[in-house]
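For reference, work-v9.txt is printed below; it contains compact mmCIF, C-alpha atoms.
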# COMPACT_ATOMS: atom_id res chain seq x y z
CA MET Z 1 0.00 0.00 0.00
CA ARG Z 2 2.80 2.40 0.86
CA SER Z 3 4.72 1.64 -2.36
CA GLY Z 4 1.54 2.25 -4.42
CA ALA Z 5 1.01 5.60 -2.76
CA GLN Z 6 4.61 6.56 -3.46
CA SER Z 7 4.32 5.63 -7.18
CA ALA Z 8 1.07 7.61 -7.45
CA GLY Z 9 2.76 10.65 -5.91
CA THR Z 10 5.67 10.34 -8.34
CA HIS Z 11 3.32 10.14 -11.32
CA SER Z 12 1.45 13.26 -10.20
CA GLU Z 13 4.72 15.16 -9.84
CA LEU Z 14 5.81 14.14 -13.34
CA THR Z 15 2.45 15.29 -14.69
CA ARG Z 16 2.82 18.69 -13.01
CA GLU Z 17 6.36 19.10 -14.34
CA ARG Z 18 5.24 18.27 -17.88
CA SER Z 19 2.38 20.75 -17.70
CA GLY Z 20 4.80 23.37 -16.40
CA ALA Z 21 7.15 22.69 -19.27
CA HIS Z 22 4.35 23.03 -21.80
CA SER Z 23 3.28 26.30 -20.24
CA GLU Z 24 6.84 27.60 -20.48
CA LEU Z 25 7.00 26.61 -24.09
CA SER Z 26 3.72 28.31 -24.80
CA GLN Z 27 4.79 31.47 -23.00
CA ALA Z 28 8.25 31.55 -24.47
CA PRO Z 29 8.60 34.02 -27.36
CA SER Z 30 8.81 32.41 -30.70
CA GLY Z 31 11.60 33.03 -33.08
CA ALA Z 32 9.47 35.33 -35.08
CA ASP Z 33 8.62 37.36 -32.01
CA SER Z 34 12.14 37.48 -30.61
CA VAL Z 35 13.48 38.91 -33.86
CA ARG Z 36 11.45 41.82 -34.91
CA ARG Z 37 10.41 41.59 -38.47
CA PRO Z 38 11.60 44.49 -40.56
CA ARG Z 39 9.17 46.65 -42.14
CA SER Z 40 8.91 46.69 -45.85
CA GLY Z 41 10.47 43.23 -46.42
CA VAL Z 42 13.88 43.89 -44.82
CA ARG Z 43 15.43 40.67 -43.32
CA PRO Z 44 16.20 40.80 -39.64
CA THR Z 45 19.78 40.94 -38.56
CA GLN Z 46 21.16 38.32 -36.17
CA ASN Z 47 22.53 39.28 -32.79
CA PRO Z 48 26.15 38.43 -32.79
CA SER Z 49 26.37 38.18 -28.96
CA ARG Z 50 23.93 35.22 -28.80
CA PRO Z 51 25.06 32.42 -31.01
CA ASP Z 52 21.88 30.42 -30.33
CA SER Z 53 19.71 33.10 -31.78
CA ALA Z 54 20.67 31.90 -35.22
CA LYS Z 55 19.37 28.40 -34.44
CA PRO Z 56 15.86 27.49 -35.46
CA ASP Z 57 13.06 27.23 -32.87
CA SER Z 58 12.89 23.45 -32.98
CA ALA Z 59 16.51 23.14 -31.88
CA ARG Z 60 16.02 25.49 -28.98
CA ARG Z 61 12.95 23.63 -27.88
CA SER Z 62 14.76 20.33 -28.01
CA GLN Z 63 17.58 21.75 -25.86
CA ARG Z 64 15.14 23.05 -23.31
CA SER Z 65 13.34 19.75 -23.23
CA THR Z 66 16.65 17.99 -22.73
CA ARG Z 67 17.64 20.27 -19.83
CA LEU Z 68 14.18 20.02 -18.31
CA GLY Z 69 14.26 16.24 -18.51
CA ALA Z 70 17.66 16.19 -16.91
CA ARG Z 71 16.41 18.31 -14.04
CA ARG Z 72 13.35 16.13 -13.62
CA ALA Z 73 15.48 13.00 -13.64
CA ALA Z 74 17.81 14.51 -11.04
CA ALA Z 75 14.89 15.54 -8.83
CA PHE Z 76 13.28 12.13 -9.16
CA GLY Z 77 16.56 10.40 -8.29
CA ALA Z 78 17.02 12.65 -5.26
CA ARG Z 79 13.50 11.87 -4.08
CA ARG Z 80 14.04 8.15 -4.54
CA ALA Z 81 17.33 8.36 -2.69
CA SER Z 82 15.77 10.27 0.21
CA THR Z 83 12.69 8.01 0.45
CA PRO Z 84 13.50 4.50 1.75
CA PRO Z 85 11.76 1.63 0.08
CA ALA Z 86 8.70 0.05 1.60
CA GLY Z 87 10.67 -2.97 2.77
CA VAL Z 88 12.92 -0.82 4.94
CA HIS Z 89 9.91 0.49 6.89
CA ALA Z 90 8.63 -3.03 7.34
CA ASP Z 91 12.02 -4.24 8.54
CA ALA Z 92 12.26 -1.33 10.99
CA ALA Z 93 8.78 -2.04 12.32
CA MET Z 94 9.60 -5.71 12.72
CA ALA Z 95 12.85 -4.86 14.47
CA THR Z 96 11.02 -2.52 16.86
CA ALA Z 97 8.38 -5.14 17.60
CA SER Z 98 11.06 -7.76 18.13
CA ALA Z 99 12.90 -5.43 20.50
CA GLN Z 100 9.70 -4.84 22.46
CA VAL Z 101 9.03 -8.57 22.67
CA ILE Z 102 12.58 -9.21 23.82
CA SER Z 103 12.26 -6.41 26.38
CA MET Z 104 9.04 -7.89 27.73
CA ARG Z 105 10.61 -11.34 27.92
CA GLU Z 106 13.63 -9.96 29.73
CA ARG Z 107 11.38 -8.08 32.11
CA ARG Z 108 9.36 -11.20 32.89
CA ALA Z 109 12.53 -13.23 33.35
CA GLU Z 110 13.94 -10.57 35.67
CA LYS Z 111 10.71 -10.51 37.65
CA LYS Z 112 10.74 -14.30 38.00
CA ARG Z 113 14.36 -14.19 39.07
CA MET Z 114 13.61 -11.54 41.72
CA ASN Z 115 10.66 -13.59 42.97
CA ARG Z 116 12.88 -16.65 43.29
CA LEU Z 117 15.49 -14.64 45.18
CA ARG Z 118 12.81 -13.20 47.45
CA TRP Z 119 11.45 -16.65 48.27
CA ARG Z 120 14.95 -18.01 48.84
CA TYR Z 121 15.63 -15.12 51.22
CA ARG Z 122 12.41 -15.81 53.11
CA LEU Z 123 13.14 -19.53 53.30
CA ALA Z 124 16.64 -18.80 54.56
CA ILE Z 125 15.26 -16.54 57.31
CA ALA Z 126 12.64 -19.13 58.27
CA ALA Z 127 15.27 -21.88 58.38
CA GLY Z 128 17.53 -19.71 60.54
CA LEU Z 129 14.70 -18.98 62.95
CA MET Z 130 13.81 -22.64 63.17
CA VAL Z 131 17.42 -23.53 63.92
CA MET Z 132 17.62 -20.83 66.61
CA LEU Z 133 14.31 -21.94 68.14
CA SER Z 134 15.39 -25.58 68.14
CA GLY Z 135 18.67 -24.66 69.80
CA LEU Z 136 16.87 -22.61 72.44
CA VAL Z 137 14.44 -25.44 73.18
CA TRP Z 138 17.30 -27.89 73.48
CA LEU Z 139 19.24 -25.54 75.74
CA LEU Z 140 16.31 -24.91 78.06
CA PHE Z 141 14.77 -28.36 78.27
CA PHE Z 142 17.40 -30.93 77.27
CA SER Z 143 20.83 -29.45 77.90
CA PRO Z 144 22.59 -30.75 81.05
CA MET Z 145 23.96 -27.24 81.59
CA LEU Z 146 20.52 -25.99 82.73
CA MET Z 147 19.81 -29.01 84.88
CA PHE Z 148 19.60 -28.59 88.66
CA SER Z 149 22.30 -30.26 90.72
CA ALA Z 150 22.56 -30.02 94.50
CA ASP Z 151 26.34 -30.16 94.35
CA ARG Z 152 26.51 -26.96 92.32
CA VAL Z 153 24.33 -24.89 94.67
CA GLN Z 154 26.10 -22.21 96.67
CA VAL Z 155 24.82 -22.31 100.27
CA ASN Z 156 25.53 -19.59 102.82
CA GLY Z 157 24.63 -19.88 106.50
CA ALA Z 158 25.04 -23.63 106.89
CA GLY Z 159 27.89 -25.73 108.20
CA GLY Z 160 30.79 -24.56 110.30
CA SER Z 161 29.66 -22.88 113.51
CA SER Z 162 26.05 -22.69 112.36
CA ILE Z 163 23.51 -25.06 113.89
CA VAL Z 164 22.29 -25.81 110.36
CA SER Z 165 23.95 -28.92 109.02
CA MET Z 166 25.22 -28.69 105.44
CA ALA Z 167 24.46 -32.40 105.00
CA ASP Z 168 20.80 -31.78 105.83
CA VAL Z 169 20.65 -28.95 103.27
CA ARG Z 170 22.27 -31.07 100.56
CA ARG Z 171 19.91 -33.94 101.32
CA VAL Z 172 16.88 -31.71 100.81
CA LEU Z 173 18.31 -30.19 97.64
CA ALA Z 174 19.15 -33.63 96.22
CA ASP Z 175 15.43 -34.33 95.88
CA HIS Z 176 15.40 -31.79 93.03
CA ASN Z 177 18.37 -33.19 91.11
CA GLY Z 178 17.68 -33.47 87.38
CA GLU Z 179 14.90 -30.89 87.31
CA ARG Z 180 15.01 -28.17 84.68
CA LEU Z 181 15.91 -24.80 86.13
CA VAL Z 182 13.45 -22.99 83.86
CA LEU Z 183 10.61 -25.02 85.42
CA MET Z 184 11.68 -24.61 89.04
CA ARG Z 185 10.27 -21.95 91.34
CA PRO Z 186 12.52 -20.38 93.97
CA SER Z 187 9.68 -20.29 96.50
CA VAL Z 188 9.22 -24.06 96.32
CA LEU Z 189 12.94 -24.67 96.80
CA ALA Z 190 13.04 -22.20 99.69
CA ALA Z 191 10.09 -23.91 101.40
CA ASP Z 192 11.85 -27.27 101.17
CA VAL Z 193 14.98 -25.82 102.76
CA GLU Z 194 12.93 -24.15 105.49
CA SER Z 195 11.44 -27.52 106.35
CA ILE Z 196 14.73 -28.21 108.14
CA PRO Z 197 14.03 -27.37 111.82
CA GLU Z 198 17.26 -25.41 112.25
CA VAL Z 199 16.45 -23.10 109.31
CA ALA Z 200 14.44 -20.02 110.16
CA GLN Z 201 14.46 -18.52 106.67
CA ALA Z 202 15.92 -19.41 103.25
CA ASP Z 203 16.32 -17.02 100.36
CA VAL Z 204 16.85 -18.67 96.96
CA HIS Z 205 18.28 -16.77 93.99
CA PHE Z 206 18.62 -18.13 90.46
CA GLY Z 207 21.36 -16.63 88.33
CA PHE Z 208 22.19 -16.88 84.62
CA PRO Z 209 22.75 -19.34 83.20
CA ALA Z 210 22.62 -22.08 85.84
CA SER Z 211 23.80 -20.68 89.16
CA VAL Z 212 21.73 -21.15 92.32
CA ARG Z 213 22.49 -19.36 95.59
CA ILE Z 214 20.76 -20.01 98.91
CA ALA Z 215 21.14 -17.71 101.91
CA ILE Z 216 20.06 -19.39 105.15
CA VAL Z 217 19.10 -17.67 108.38
CA PRO Z 218 19.38 -20.26 111.17
CA GLU Z 219 17.02 -20.55 114.10
CA VAL Z 220 18.21 -19.23 117.47
CA PRO Z 221 17.77 -21.65 120.37
CA ILE Z 222 16.31 -19.91 123.42
CA ALA Z 223 16.38 -22.73 125.96
CA CYS Z 224 16.85 -26.43 126.40
CA ALA Z 225 13.87 -28.45 127.66
CA VAL Z 226 14.97 -31.03 130.19
CA GLU Z 227 13.94 -34.59 129.34
CA GLY Z 228 15.43 -37.04 131.82
CA SER Z 229 19.18 -36.83 131.76
CA ASP Z 230 19.24 -34.89 128.52
CA CYS Z 231 17.63 -31.78 127.15
CA VAL Z 232 16.24 -30.73 123.79
CA ALA Z 233 17.01 -27.28 122.44
CA PHE Z 234 14.14 -25.38 120.98
CA ALA Z 235 13.58 -22.09 119.18
CA GLY Z 236 11.04 -19.36 119.78
CA SER Z 237 8.80 -20.96 117.19
CA GLY Z 238 8.71 -24.18 119.22
CA ALA Z 239 10.81 -26.11 116.70
CA GLN Z 240 13.14 -28.58 118.31
CA LEU Z 241 16.71 -28.05 117.21
CA HIS Z 242 19.65 -30.38 116.82
CA VAL Z 243 22.54 -28.65 118.52
CA GLY Z 244 25.84 -29.92 119.83
CA ALA Z 245 26.64 -30.71 123.41
CA GLU Z 246 28.71 -27.57 123.82
CA GLU Z 247 25.81 -25.46 122.56
CA LYS Z 248 23.43 -27.12 125.03
CA LYS Z 249 25.63 -26.19 127.97
CA THR Z 250 25.21 -22.50 127.23
CA LEU Z 251 21.40 -22.65 127.06
CA PRO Z 252 19.03 -22.11 130.02
CA LYS Z 253 17.48 -25.35 131.24
CA LEU Z 254 13.69 -25.37 131.07
CA THR Z 255 11.65 -27.30 133.58
CA VAL Z 256 7.86 -27.48 133.21
CA ASP Z 257 5.94 -28.33 136.42
CA ASP Z 258 2.57 -28.34 134.67
CA SER Z 259 2.32 -31.36 132.37
CA ALA Z 260 -0.64 -29.82 130.58
CA VAL Z 261 1.55 -27.12 129.11
CA LYS Z 262 2.85 -28.04 125.67
CA LEU Z 263 6.22 -26.88 124.45
CA ALA Z 264 4.80 -25.64 121.15
CA ASN Z 265 2.51 -23.24 123.04
CA LEU Z 266 5.05 -22.36 125.71
CA ALA Z 267 7.97 -21.48 123.44
CA PRO Z 268 6.47 -18.33 121.82
CA ARG Z 269 5.52 -16.87 125.23
CA LEU Z 270 8.95 -17.60 126.66
CA ASP Z 271 10.58 -16.04 123.62
CA GLU Z 272 8.46 -12.91 124.13
CA VAL Z 273 9.59 -12.60 127.73
CA LEU Z 274 13.27 -13.18 126.95
CA THR Z 275 13.17 -10.68 124.11
CA SER Z 276 11.87 -7.95 126.43
CA MET Z 277 14.82 -8.45 128.81
CA SER Z 278 18.11 -6.66 128.42
CA PRO Z 279 21.01 -8.70 126.97
CA ALA Z 280 22.89 -8.40 130.30
CA VAL Z 281 20.05 -10.06 132.21
CA ARG Z 282 19.55 -12.77 129.60
CA LYS Z 283 23.19 -13.81 129.87
CA ARG Z 284 22.78 -14.44 133.62
CA ILE Z 285 19.76 -16.78 133.20
CA THR Z 286 20.73 -20.40 133.85
CA ALA Z 287 17.31 -22.01 134.40
CA VAL Z 288 13.65 -21.41 133.64
CA THR Z 289 10.76 -22.90 135.56
CA VAL Z 290 7.16 -22.86 134.38
CA GLY Z 291 4.49 -23.37 137.01
CA ALA Z 292 0.73 -23.52 136.94
CA GLY Z 293 -0.97 -20.92 134.77
CA THR Z 294 2.26 -20.44 132.82
CA GLN Z 295 3.99 -18.57 135.62
CA PHE Z 296 7.67 -18.01 134.70
CA SER Z 297 10.54 -18.03 137.17
CA PHE Z 298 14.18 -17.43 136.20
CA THR Z 299 17.38 -18.37 138.02
CA LEU Z 300 20.22 -15.90 137.71
CA ASP Z 301 23.77 -17.19 138.00
CA GLY Z 302 22.42 -20.33 139.63
CA GLN Z 303 21.46 -18.44 142.81
CA ALA Z 304 18.98 -15.51 142.66
CA ILE Z 305 15.38 -16.14 141.68
CA VAL Z 306 13.27 -13.78 139.58
CA ARG Z 307 9.53 -14.34 139.73
CA TRP Z 308 8.25 -12.97 136.47
CA GLY Z 309 4.71 -14.18 136.46
CA THR Z 310 2.78 -14.41 133.17
CA ALA Z 311 3.97 -13.04 129.86
CA SER Z 312 2.29 -9.67 130.30
CA GLN Z 313 3.56 -6.15 131.05
CA ASN Z 314 6.97 -7.37 130.01
CA ALA Z 315 8.50 -3.96 129.28
CA GLN Z 316 7.44 -2.55 132.64
CA LYS Z 317 8.70 -5.64 134.49
CA ASN Z 318 12.06 -5.38 132.75
CA THR Z 319 12.41 -1.73 133.80
CA VAL Z 320 11.62 -2.53 137.45
CA LEU Z 321 13.97 -5.53 137.46
CA ALA Z 322 16.83 -3.44 136.11
CA VAL Z 323 16.44 -1.13 139.14
CA LEU Z 324 16.13 -3.96 141.65
CA LEU Z 325 19.23 -5.77 140.37
CA LYS Z 326 21.36 -2.90 141.56
CA GLU Z 327 21.10 -4.48 145.00
CA GLN Z 328 22.01 -8.00 145.97
CA HIS Z 329 18.99 -10.12 146.90
CA GLN Z 330 17.98 -13.76 146.70
CA LEU Z 331 14.49 -13.10 145.37
CA TYR Z 332 13.16 -10.50 142.93
CA ASP Z 333 9.41 -10.60 142.47
CA VAL Z 334 8.20 -8.43 139.61
CA SER Z 335 5.01 -10.33 138.82
CA ALA Z 336 3.19 -7.19 140.01
CA PRO Z 337 5.48 -4.47 138.59
CA THR Z 338 3.73 -1.77 140.58
CA LEU Z 339 4.44 -3.62 143.85
CA PRO Z 340 7.80 -5.37 143.45
CA ILE Z 341 9.19 -7.52 146.23
CA THR Z 342 12.79 -8.34 147.08
CA GLN Z 343 14.19 -10.67 149.75
Whole structure, structure tokens version:
Amino acid sequence: MRSGAQSAGTHSELTRERSGAHSELSQAPSGADSVRRPRSGVRPTQNPSRPDSAKPDSARRSQRSTRLGARRAAAFGARRASTPPAGVHADAAMATASAQVISMRERRAEKKRMNRLRWRYRLAIAAGLMVMLSGLVWLLFFSPMLMFSADRVQVNGAGGSSIVSMADVRRVLADHNGERLVLMRPSVLAADVESIPEVAQADVHFGFPASVRIAIVPEVPIACAVEGSDCVAFAGSGAQLHVGAEEKKTLPKLTVDDSAVKLANLAPRLDEVLTSMSPAVRKRITAVTVGAGTQFSFTLDGQAIVRWGTASQNAQKNTVLAVLLKEQHQLYDVSAPTLPITQ
């Protein structure tokens, strides 16, 4: 279609050029007109400066036609040279379409490649997280490093001069051997340690990654209850304590005259009375006697007797006793602090 249009345009141009040439020929002065005819039969003279003027009209027309044809041929050749053939346009269009197709293919391939890389990156992250999670689970629940062992527990306040035996503490802790530290509660472990009679309080601290520290506050024996030829030390809570023979010698000996009085009920009241006394007076107490109605009597230095009465008005009784002890007497009765008696 394009080549037909081009040929039609060329034909129309040739037609216009021919019509223009004919119009020039028709407008051009003829030989008779260019040379003025002489009047009265005189022959015209030729112009010597124009040699073609002597030529006939047919020769001049043929020369003009030749020049005009040459110009038309040159113009036509220039137009053909400047206008590419129809096949060139088709080839260019095909090349452009091919380039677009290749570009689209490359774009799709690049997009697929990026998608594959993105999925590989996501899979790598997921695999890394799974490995980390598996390692953490193994470390917390299966690794021997985070397993409780009584031998690795640091215990303070037991053994040595303390009344708390280290063997008893290790025995209680051994019941938890093999347990996972992440599943253990410090309060449960502390309660088990406090089940030992000699332990008043136990503070348990877990440290990273597998350290366990236990701080023990031992019970303080306040007296030794006489049972036959021996005595049993007990604390203010009423707990019976296992103390050595040397420790027992330093404790006041408790004698209970009323069999209805139980040691578990008596110990807190006795501890209240002893706590209200000054440390100087407590050091002098060698024996404690409990009579009917929980009446307390104390022996000082194995000689003087202090009748304390019940565990009431303790602060006032202690103040009065401190004044009375300034004098030497065998009996100090402060059971009625407002009316003390000395003998």
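Between Z:Ala200 and the candidates Z:Ala225, Z:Ala315, Z:Leu241, Z:Ala233, the tightest atom-to-atom separation, counting only C-alpha atoms, involves Z:Leu241.
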- Note on the structure: Expressed in Å, the length from atom CA of Z:Arg307 to atom CA of Z:Ser276 is 14.9 Å
- Atomic distance atom CA of Z:Gln328 - atom CA of Z:Ser297, expressed in Å with one decimal: 17.6 Å
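Atom CA of Z:Leu266 is positioned 9.4 Å from atom CA of Z:Ser237.
Distances from Z:Ala292, Z:Ile163, Z:Val204, Z:Asp271 to Z:Glu219 were compared using all atoms listed in the file, and the smallest one belongs to Z:Ile163.
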- Neighbourhood query: residues within 12 Å of (27.3, -20.2, 112.1), file coordinates, counting all atoms listed in the file; return as a ChimeraX atom specification. /Z:156-166,198-199,216-220,243,247
Report, as lines of an AutoDock Vina configuration file, the axis-aligned box around all atoms of stretch 227-236 of chain Z present in the file, extended by 3 Å on each side; give centre and edge lengths in Å to one decimal place.
center_x = 15.1
center_y = -28.2
center_z = 125.5
size_x = 14.2
size_y = 23.7
size_z = 18.6
- Measuring atom to atom with all atoms listed in the file, identify which of Z:His329, Z:Arg105, Z:Arg152, Z:Arg170 is nearest to Z:Ala210. Z:Arg152
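Nearest residue to Z:Pro340 among Z:Val226, Z:Val306, Z:Leu270, Z:Ala311 is Z:Val306, counting only C-alpha atoms.
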